[in-house]
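Comments concern the structure below.
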Amino acid sequence: HCLRQTLKLISRRRSMASLSAGRRLFLQSRQQQQQRWIQTTSKSLADPSRYVTGVTLSDIESNPAIAAYFKANFPEWQSEDTITTRPIPTPPPPIDPLVALNIRPLSCQLRDPVKEEGSRACYRLRRNKLIPGLLYGSDPTKNILSIDHSSKIMIKTHWNDIFRETQRYKLHFENRVYELSVHDEEGNLVQDTPQLVVPRDVQWHPVKNLVICANYIRYYPGKPIKIPIKYINEEESPAMKRGGFIAPVSRTVECVVEEGVRIPEFVELECTGVRLKDVLRTERLIFPEGVKASHRVSDSTFLVGTVFGRRGDADDDK
């Protein structure tokens, strides 16, 4: 019995050894097959454009000069074991036409002309985080005339929207163009909206510095709009880099923006070479392409400001 068990154990070990040897041979043959596949496919799928942009395999096969160049400079390009693929660049996201024109969206609601009109009703609206206002003005592109009484729409804007815009643009809030969407009580858009508007006659709280009334006037391309003036290159001015300053007379300039042109944030004022007691006029304003001064801005009468400073600065300039 013991001899029989010993013979079974020996035969089992021999069978296990034969199985392990067979498994080992199978893995070796499979690895060799994979290596042969890599060697055969790497030559046909090697990408020469990784070395020279625009060169393909057909160019190398048809042009002996290119083949000789690759053989002399890149002898290993056909023996690559790893084949890398270039990721397809994702297209940029589409640009919102309003963002391209520097126009931000804004929404409001209709006011009840009976229950939400008057001082007491406006106080109740403000306590409910709603800012009363009025949408008025003409828009020839939509056949809206200001002489028509129906062109005046009583609206209310949420306080959060007004606060966000005033915190972002401060006092320049009244110099920006918005796309105003007017909704009724059911949330549906009112006819002829959204419309391009500019905040006008905005009333501020005298102590809290918060908006308590926000009116909007309709805007269309070609209508004059006041754009703030921004000083640039102040360090290039002999007077201003010694402590001089510009006493502003006009902080904005009325401009006309053509249709399809981005509405600028500022109109830059070139301060290079400005000296003490210089009077700054429109010749130093830099208008972007498609933006020009309104006909009401005269080169002889429009005054941006005057340069002032210490008396000793004038002696230094001399």
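FYI, nothing fancy with the structure tokens labels: chains A, B, ... in order, residues from 1 per chain, ligands from 1 as they appear.
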Residue neighbourhood Ile162 (chain A), 9 Å, only C-alpha atoms, exclusion window fewer than 5 positions, as a list in words | Leu106, Ile131, Thr157, Gln167, Val211 and Ala214 of chain A
Could you pull the residues within 12 Å of His295 (chain A), counting only C-alpha atoms, minus those fewer than 4 positions along the same chain, as a count of residues only?
-> 10
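The smallest atom-to-atom distance between Ala293 (chain A) and any of A:Glu258, A:Glu265, A:Glu61, A:Glu270, using only C-alpha atoms, is found for A:Glu258.
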If you take only C-alpha atoms and a cut-off of 10 Å, which residues of region 201-305 of chain A touch region 101-104 of chain A, and what are their nearest atom pairs and distances in Å to one decimal, in chain and number order, as a Markdown table?
```
| residue | atom | partner | partner_atom | distance |
| --- | --- | --- | --- | --- |
| A:Glu259 | CA | A:Leu101 | CA | 9.5 |
| A:Gly260 | CA | A:Leu101 | CA | 7.1 |
| A:Val261 | CA | A:Leu101 | CA | 6.4 |
| A:Arg262 | CA | A:Leu101 | CA | 4.1 |
| A:Ile263 | CA | A:Asn102 | CA | 5.7 |
| A:Pro264 | CA | A:Asn102 | CA | 7.3 |
| A:Glu265 | CA | A:Asn102 | CA | 8.1 |
```
Taking C-alpha atoms for each residue, export the selection above as an mmCIF file, in the first residue's frame.
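Written file, part_10.cif:
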```cif
data_model
loop_
_atom_site.group_PDB
_atom_site.id
_atom_site.type_symbol
_atom_site.label_atom_id
_atom_site.label_comp_id
_atom_site.auth_asym_id
_atom_site.auth_seq_id
_atom_site.Cartn_x
_atom_site.Cartn_y
_atom_site.Cartn_z
ATOM 1 C CA GLU A 259 -22.647 97.608 -35.131
ATOM 2 C CA GLY A 260 -20.698 94.403 -34.483
ATOM 3 C CA VAL A 261 -17.870 96.227 -32.683
ATOM 4 C CA ARG A 262 -16.981 95.397 -29.087
ATOM 5 C CA ILE A 263 -18.050 98.116 -26.662
ATOM 6 C CA PRO A 264 -14.846 99.194 -24.884
ATOM 7 C CA GLU A 265 -14.521 99.272 -21.121
#
```
Have a look at A:Glu76, A:Val274, A:Val197, A:Ile155 and name the one nearest to Glu116 (chain A); count only C-alpha atoms.
->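 Under the stated criterion, the closest residue is A:Ile155.
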Could you work out how far CA of Val177 (chain A) lies from CA of Pro221 (chain A), giving the answer in Å with one decimal?
-> 10.6 Å
Between A:Glu179, A:Glu234, A:Glu289, A:Asp278, which is the closest to Gly305 (chain A) once you count only C-alpha atoms?
-> A:Asp278
Work out how far CA of Arg111 (chain A) is from CA of Ile147 (chain A), in Å to one decimal.
->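 CA of Arg111 (chain A) lies 20.8 Å from CA of Ile147 (chain A).
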Close residues, Asp201 (chain A) itself excluded, 12 Å, only C-alpha atoms, min 2 positions apart in chain, as a list in words |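 Here the qualifying residues turn out to be Gly133, Leu134, Leu135, Tyr136, Phe173, Glu174, Asn175, Val198, Pro199, Gln203, Trp204, Val211, Ile212, Cys213, Ala214, Asn215, Tyr216 and Ile217 of chain A.
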With C-alpha atoms retained, export the selected residues as a PDB file, in the first residue's frame.
```
ATOM      1  CA  GLY A 133     -37.450 101.106 -11.969  1.00  0.00           C
ATOM      2  CA  LEU A 134     -38.666 102.029 -15.429  1.00  0.00           C
ATOM      3  CA  LEU A 135     -37.759 100.859 -18.942  1.00  0.00           C
ATOM      4  CA  TYR A 136     -38.174 103.632 -21.473  1.00  0.00           C
ATOM      5  CA  PHE A 173     -22.408 100.599 -13.840  1.00  0.00           C
ATOM      6  CA  GLU A 174     -24.282 103.401 -15.645  1.00  0.00           C
ATOM      7  CA  ASN A 175     -21.821 103.272 -18.564  1.00  0.00           C
ATOM      8  CA  VAL A 198     -28.122 101.214 -20.472  1.00  0.00           C
ATOM      9  CA  PRO A 199     -28.777 102.044 -16.784  1.00  0.00           C
ATOM     10  CA  GLN A 203     -30.578 106.593  -7.483  1.00  0.00           C
ATOM     11  CA  TRP A 204     -28.239 105.699  -4.605  1.00  0.00           C
ATOM     12  CA  VAL A 211     -29.034 101.382  -5.342  1.00  0.00           C
ATOM     13  CA  ILE A 212     -32.632 102.213  -4.456  1.00  0.00           C
ATOM     14  CA  CYS A 213     -33.938 102.867  -7.981  1.00  0.00           C
ATOM     15  CA  ALA A 214     -32.629 101.558 -11.312  1.00  0.00           C
ATOM     16  CA  ASN A 215     -34.056 102.835 -14.584  1.00  0.00           C
ATOM     17  CA  TYR A 216     -33.029 101.649 -18.033  1.00  0.00           C
ATOM     18  CA  ILE A 217     -33.023 103.382 -21.390  1.00  0.00           C
TER      19      ILE A 217
END
```
DSSP on the backbone, then: every residue of region 191-271 of chain A marked strand (DSSP E), written as a PyMOL selection string.
-> chain A and resi 195-204+211-218+225-232+245-248+252-257+267-270
Atom-to-atom span, CA of Thr166 (chain A) and CA of Pro140 (chain A), Å | 29.0 Å
Just asking: which residues within region 21-257 of chain A are helix (DSSP H, G or I) according to DSSP, as a ChimeraX atom specification?
-> /A:21-45,48-50,57-62,64-73,97-100,119-127,140-142,149-151,159-175,234-236,240-242
Could you name the residues that touch Gly244 (chain A) at 7 Å or less, counting only C-alpha atoms, but leaving out those on the same chain fewer than 5 positions away, as number ranges by chain?
-> A: 239, 307-309
